[in-house]
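Here is the file final-v2.tsv (TSV, N, CA and C atoms).
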chain	number	residue	atom	x	y	z
A	20	MET	N	10.38	73.13	96.23
A	20	MET	CA	9.95	72.90	97.59
A	20	MET	C	10.54	73.97	98.53
A	21	ILE	N	11.83	74.26	98.38
A	21	ILE	CA	12.46	75.26	99.24
A	21	ILE	C	11.93	76.66	98.95
A	22	ASN	N	11.55	76.92	97.68
A	22	ASN	CA	10.99	78.23	97.34
A	22	ASN	C	9.64	78.44	98.01
A	23	LEU	N	8.85	77.37	98.11
A	23	LEU	CA	7.57	77.45	98.82
A	23	LEU	C	7.80	77.75	100.29
A	24	LEU	N	8.80	77.10	100.86
A	24	LEU	CA	9.13	77.34	102.27
A	24	LEU	C	9.56	78.80	102.48
A	25	LYS	N	10.34	79.35	101.56
A	25	LYS	CA	10.75	80.75	101.67
A	25	LYS	C	9.55	81.69	101.65
A	26	ARG	N	8.58	81.37	100.81
A	26	ARG	CA	7.39	82.23	100.74
A	26	ARG	C	6.54	82.12	101.99
A	27	ILE	N	6.44	80.93	102.55
A	27	ILE	CA	5.68	80.75	103.79
A	27	ILE	C	6.36	81.49	104.94
A	28	VAL	N	7.67	81.40	105.00
A	28	VAL	CA	8.42	82.11	106.04
A	28	VAL	C	8.29	83.62	105.84
A	29	GLY	N	8.22	84.07	104.58
A	29	GLY	CA	8.02	85.49	104.30
A	29	GLY	C	6.69	85.98	104.85
A	30	ILE	N	5.65	85.18	104.71
A	30	ILE	CA	4.36	85.54	105.29
A	30	ILE	C	4.47	85.60	106.81
A	31	GLY	N	5.22	84.66	107.37
A	31	GLY	CA	5.43	84.67	108.82
A	31	GLY	C	6.12	85.93	109.31
A	32	TRP	N	7.15	86.39	108.59
A	32	TRP	CA	7.84	87.63	108.97
A	32	TRP	C	6.89	88.82	108.89
A	33	MET	N	6.06	88.85	107.83
A	33	MET	CA	5.13	89.98	107.67
A	33	MET	C	4.08	90.00	108.78
A	34	LEU	N	3.71	88.83	109.31
A	34	LEU	CA	2.73	88.78	110.39
A	34	LEU	C	3.38	88.98	111.76
A	35	LEU	N	4.60	88.50	111.91
A	35	LEU	CA	5.27	88.58	113.20
A	35	LEU	C	5.62	90.01	113.60
A	36	ALA	N	6.06	90.81	112.66
A	36	ALA	CA	6.52	92.16	112.97
A	36	ALA	C	5.41	93.04	113.59
A	37	PRO	N	4.22	93.14	113.00
A	37	PRO	CA	3.20	93.98	113.63
A	37	PRO	C	2.73	93.44	114.99
A	38	ILE	N	2.68	92.12	115.12
A	38	ILE	CA	2.28	91.53	116.40
A	38	ILE	C	3.29	91.87	117.48
A	39	ALA	N	4.58	91.73	117.14
A	39	ALA	CA	5.63	92.04	118.11
A	39	ALA	C	5.62	93.52	118.48
A	40	LEU	N	5.40	94.38	117.50
A	40	LEU	CA	5.36	95.82	117.80
A	40	LEU	C	4.17	96.19	118.67
A	41	CYS	N	3.04	95.56	118.43
A	41	CYS	CA	1.86	95.82	119.28
A	41	CYS	C	2.12	95.38	120.71
A	42	LEU	N	2.74	94.22	120.89
A	42	LEU	CA	3.06	93.76	122.23
A	42	LEU	C	4.08	94.67	122.90
A	43	LEU	N	5.04	95.17	122.14
A	43	LEU	CA	6.03	96.09	122.69
A	43	LEU	C	5.37	97.39	123.13
A	44	ILE	N	4.49	97.92	122.33
A	44	ILE	CA	3.80	99.17	122.69
A	44	ILE	C	2.90	98.95	123.89
A	45	LYS	N	2.21	97.82	123.94
A	45	LYS	CA	1.35	97.51	125.09
A	45	LYS	C	2.17	97.41	126.37
A	46	THR	N	3.32	96.76	126.29
A	46	THR	CA	4.20	96.64	127.45
A	46	THR	C	4.74	98.00	127.87
A	47	SER	N	5.11	98.81	126.90
A	47	SER	CA	5.66	100.13	127.24
A	47	SER	C	4.61	101.01	127.91
A	48	ILE	N	3.38	100.92	127.47
A	48	ILE	CA	2.32	101.71	128.09
A	48	ILE	C	2.12	101.29	129.54
A	49	SER	N	2.12	99.99	129.80
A	49	SER	CA	1.93	99.53	131.18
A	49	SER	C	3.13	99.86	132.06
A	50	GLU	N	4.34	99.80	131.51
A	50	GLU	CA	5.53	100.14	132.29
A	50	GLU	C	5.60	101.63	132.60
A	51	VAL	N	5.24	102.46	131.64
A	51	VAL	CA	5.25	103.91	131.89
A	51	VAL	C	4.15	104.28	132.87
A	52	ALA	N	3.01	103.59	132.80
A	52	ALA	CA	1.93	103.87	133.75
A	52	ALA	C	2.32	103.47	135.16
A	53	ALA	N	3.12	102.40	135.29
A	53	ALA	CA	3.54	101.95	136.61
A	53	ALA	C	4.55	102.92	137.24
A	54	LYS	N	5.43	103.48	136.43
A	54	LYS	CA	6.45	104.41	136.93
A	54	LYS	C	6.63	105.54	135.92
A	55	PRO	N	5.82	106.58	136.03
A	55	PRO	CA	5.85	107.64	135.01
A	55	PRO	C	6.96	108.68	135.21
A	56	SER	N	8.19	108.23	135.20
A	56	SER	CA	9.30	109.18	135.29
A	56	SER	C	9.91	109.38	133.90
A	57	LEU	N	10.70	110.41	133.78
A	57	LEU	CA	11.26	110.77	132.49
A	57	LEU	C	12.20	109.70	131.95
A	58	ASP	N	13.01	109.09	132.83
A	58	ASP	CA	13.95	108.09	132.34
A	58	ASP	C	13.25	106.85	131.80
A	59	VAL	N	12.13	106.46	132.40
A	59	VAL	CA	11.37	105.30	131.90
A	59	VAL	C	10.71	105.64	130.56
A	60	LYS	N	10.16	106.83	130.44
A	60	LYS	CA	9.55	107.25	129.18
A	60	LYS	C	10.59	107.31	128.06
A	61	LEU	N	11.76	107.84	128.37
A	61	LEU	CA	12.82	107.93	127.37
A	61	LEU	C	13.30	106.53	126.95
A	62	GLN	N	13.48	105.66	127.93
A	62	GLN	CA	13.94	104.30	127.64
A	62	GLN	C	12.96	103.57	126.73
A	63	TRP	N	11.70	103.62	127.02
A	63	TRP	CA	10.71	102.93	126.21
A	63	TRP	C	10.51	103.61	124.86
A	64	GLY	N	10.69	104.92	124.82
A	64	GLY	CA	10.63	105.61	123.53
A	64	GLY	C	11.73	105.16	122.59
A	65	VAL	N	12.93	105.00	123.13
A	65	VAL	CA	14.05	104.52	122.32
A	65	VAL	C	13.79	103.09	121.87
A	66	PHE	N	13.30	102.25	122.78
A	66	PHE	CA	12.97	100.86	122.42
A	66	PHE	C	11.98	100.81	121.26
A	67	ILE	N	10.95	101.61	121.33
A	67	ILE	CA	9.92	101.59	120.29
A	67	ILE	C	10.47	102.06	118.96
A	68	VAL	N	11.30	103.11	118.98
A	68	VAL	CA	11.86	103.61	117.72
A	68	VAL	C	12.79	102.58	117.09
A	69	VAL	N	13.70	102.02	117.89
A	69	VAL	CA	14.67	101.06	117.35
A	69	VAL	C	13.98	99.81	116.85
A	70	PHE	N	13.13	99.21	117.69
A	70	PHE	CA	12.47	97.98	117.28
A	70	PHE	C	11.38	98.22	116.25
A	71	GLY	N	10.88	99.46	116.18
A	71	GLY	CA	9.95	99.79	115.10
A	71	GLY	C	10.62	99.74	113.74
A	72	LEU	N	11.84	100.26	113.68
A	72	LEU	CA	12.60	100.19	112.43
A	72	LEU	C	12.96	98.75	112.08
A	73	ILE	N	13.30	97.95	113.08
A	73	ILE	CA	13.57	96.54	112.83
A	73	ILE	C	12.30	95.84	112.33
A	74	GLY	N	11.16	96.18	112.90
A	74	GLY	CA	9.90	95.59	112.46
A	74	GLY	C	9.55	95.97	111.02
A	75	ILE	N	9.81	97.21	110.65
A	75	ILE	CA	9.58	97.63	109.27
A	75	ILE	C	10.49	96.84	108.32
A	76	SER	N	11.73	96.63	108.74
A	76	SER	CA	12.66	95.85	107.93
A	76	SER	C	12.18	94.41	107.78
A	77	MET	N	11.63	93.85	108.84
A	77	MET	CA	11.11	92.48	108.77
A	77	MET	C	9.95	92.37	107.78
A	78	VAL	N	9.09	93.37	107.77
A	78	VAL	CA	7.96	93.37	106.83
A	78	VAL	C	8.46	93.47	105.40
A	79	ILE	N	9.44	94.33	105.15
A	79	ILE	CA	9.99	94.47	103.80
A	79	ILE	C	10.66	93.17	103.37
A	80	PHE	N	11.46	92.58	104.25
A	80	PHE	CA	12.13	91.31	103.95
A	80	PHE	C	11.10	90.22	103.66
A	81	GLY	N	10.05	90.15	104.47
A	81	GLY	CA	9.00	89.16	104.26
A	81	GLY	C	8.26	89.38	102.96
A	82	PHE	N	8.04	90.62	102.58
A	82	PHE	CA	7.36	90.92	101.33
A	82	PHE	C	8.19	90.45	100.14
A	83	PHE	N	9.49	90.72	100.18
A	83	PHE	CA	10.35	90.27	99.08
A	83	PHE	C	10.43	88.75	99.04
A	84	ALA	N	10.45	88.11	100.19
A	84	ALA	CA	10.47	86.64	100.22
A	84	ALA	C	9.17	86.08	99.65
A	85	TYR	N	8.05	86.70	100.00
A	85	TYR	CA	6.75	86.26	99.50
A	85	TYR	C	6.63	86.46	97.98
A	86	LYS	N	7.19	87.54	97.48
A	86	LYS	CA	7.11	87.83	96.04
A	86	LYS	C	8.07	86.96	95.23
A	87	GLY	N	8.99	86.24	95.88
A	87	GLY	CA	9.88	85.34	95.16
A	87	GLY	C	11.20	85.96	94.74
A	88	GLU	N	11.59	87.06	95.37
A	88	GLU	CA	12.84	87.71	94.99
A	88	GLU	C	14.06	86.88	95.38
A	89	TYR	N	13.90	85.96	96.32
A	89	TYR	CA	15.03	85.16	96.78
A	89	TYR	C	14.99	83.74	96.21
A	90	ASP	N	14.20	83.52	95.17
A	90	ASP	CA	14.07	82.18	94.59
A	90	ASP	C	15.29	81.77	93.78
A	91	ARG	N	15.92	82.69	93.11
A	91	ARG	CA	17.05	82.34	92.26
A	91	ARG	C	18.33	82.88	92.88
A	92	PRO	N	19.44	82.18	92.67
A	92	PRO	CA	20.71	82.67	93.22
A	92	PRO	C	21.17	83.92	92.48
A	93	PRO	N	22.00	84.73	93.10
A	93	PRO	CA	22.49	85.93	92.42
A	93	PRO	C	23.35	85.55	91.21
A	94	GLU	N	23.29	86.40	90.21
A	94	GLU	CA	24.07	86.12	89.00
A	94	GLU	C	25.56	86.34	89.27
A	95	GLN	N	26.35	85.58	88.57
A	95	GLN	CA	27.80	85.71	88.69
A	95	GLN	C	28.24	87.02	88.05
A	96	THR	N	29.17	87.69	88.67
A	96	THR	CA	29.71	88.91	88.07
A	96	THR	C	30.96	88.57	87.27
A	97	GLN	N	31.15	89.30	86.22
A	97	GLN	CA	32.32	89.09	85.36
A	97	GLN	C	33.45	90.00	85.84
A	98	GLU	N	34.51	89.40	86.29
A	98	GLU	CA	35.68	90.18	86.73
A	98	GLU	C	36.50	90.56	85.47
A	99	PRO	N	36.96	91.81	85.36
A	99	PRO	CA	37.76	92.19	84.17
A	99	PRO	C	39.15	91.60	84.18

As structure tokens, the full file:
Amino acid sequence: MINLLKRIVGIGWMLLAPIALCLLIKTSISEVAAKPSLDVKLQWGVFIVVFGLIGISMVIFGFFAYKGEYDRPPEQTQEP
């Protein structure tokens, strides 16, 4: 039951990231259009780069959750 929930949440992460990035880009375009100065362009450019990388990470995490990589606990390591 919990493994099914992990896979459903993985699909949610994969869908949430592109939607959030599209909304961020849409907001940045409207903010830069309202005040087209260099500091606003730079600020929104940094936001898009940083949150774009976070969005890519969310998609990768969601893909692994959907594929079932988190279904089993990690194996115990043998200490010498």

- Between atom N of A:Ile44 and atom C of A:Gly64 - distance in Å to one decimal: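 According to the coordinates, atom C of A:Gly64 and atom N of A:Ile44 are separated by 10.2 Å.
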
- Message: Would you compute the distance between atom CA of A:Leu61 and atom CA of A:Thr46? Give it in Å to one decimal.
- Response: 14.2 Å

- Quick one: of A:Leu24, A:Leu72, A:Val78, A:Leu57, who's nearest to A:Ala36, counting all atoms listed in the file?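 Among the listed residues, A:Val78 lies closest to A:Ala36.
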
- Query: By how many Å are atom CA of A:Glu88 and atom N of A:Asn22 apart?
  - Reply: 11.2 Å

- In terms of the shortest atom-to-atom distance over only C-alpha atoms, which of A:Phe83, A:Gly74, A:Val65, A:Leu23 is closest to A:Pro37?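 The closest residue to A:Pro37 is A:Gly74.
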
- Query: Out of chain A, which residues get alpha helix (DSSP H) from DSSP, as an MDAnalysis selection string?
  - Reply: chainID A and resid 21:53 57:86
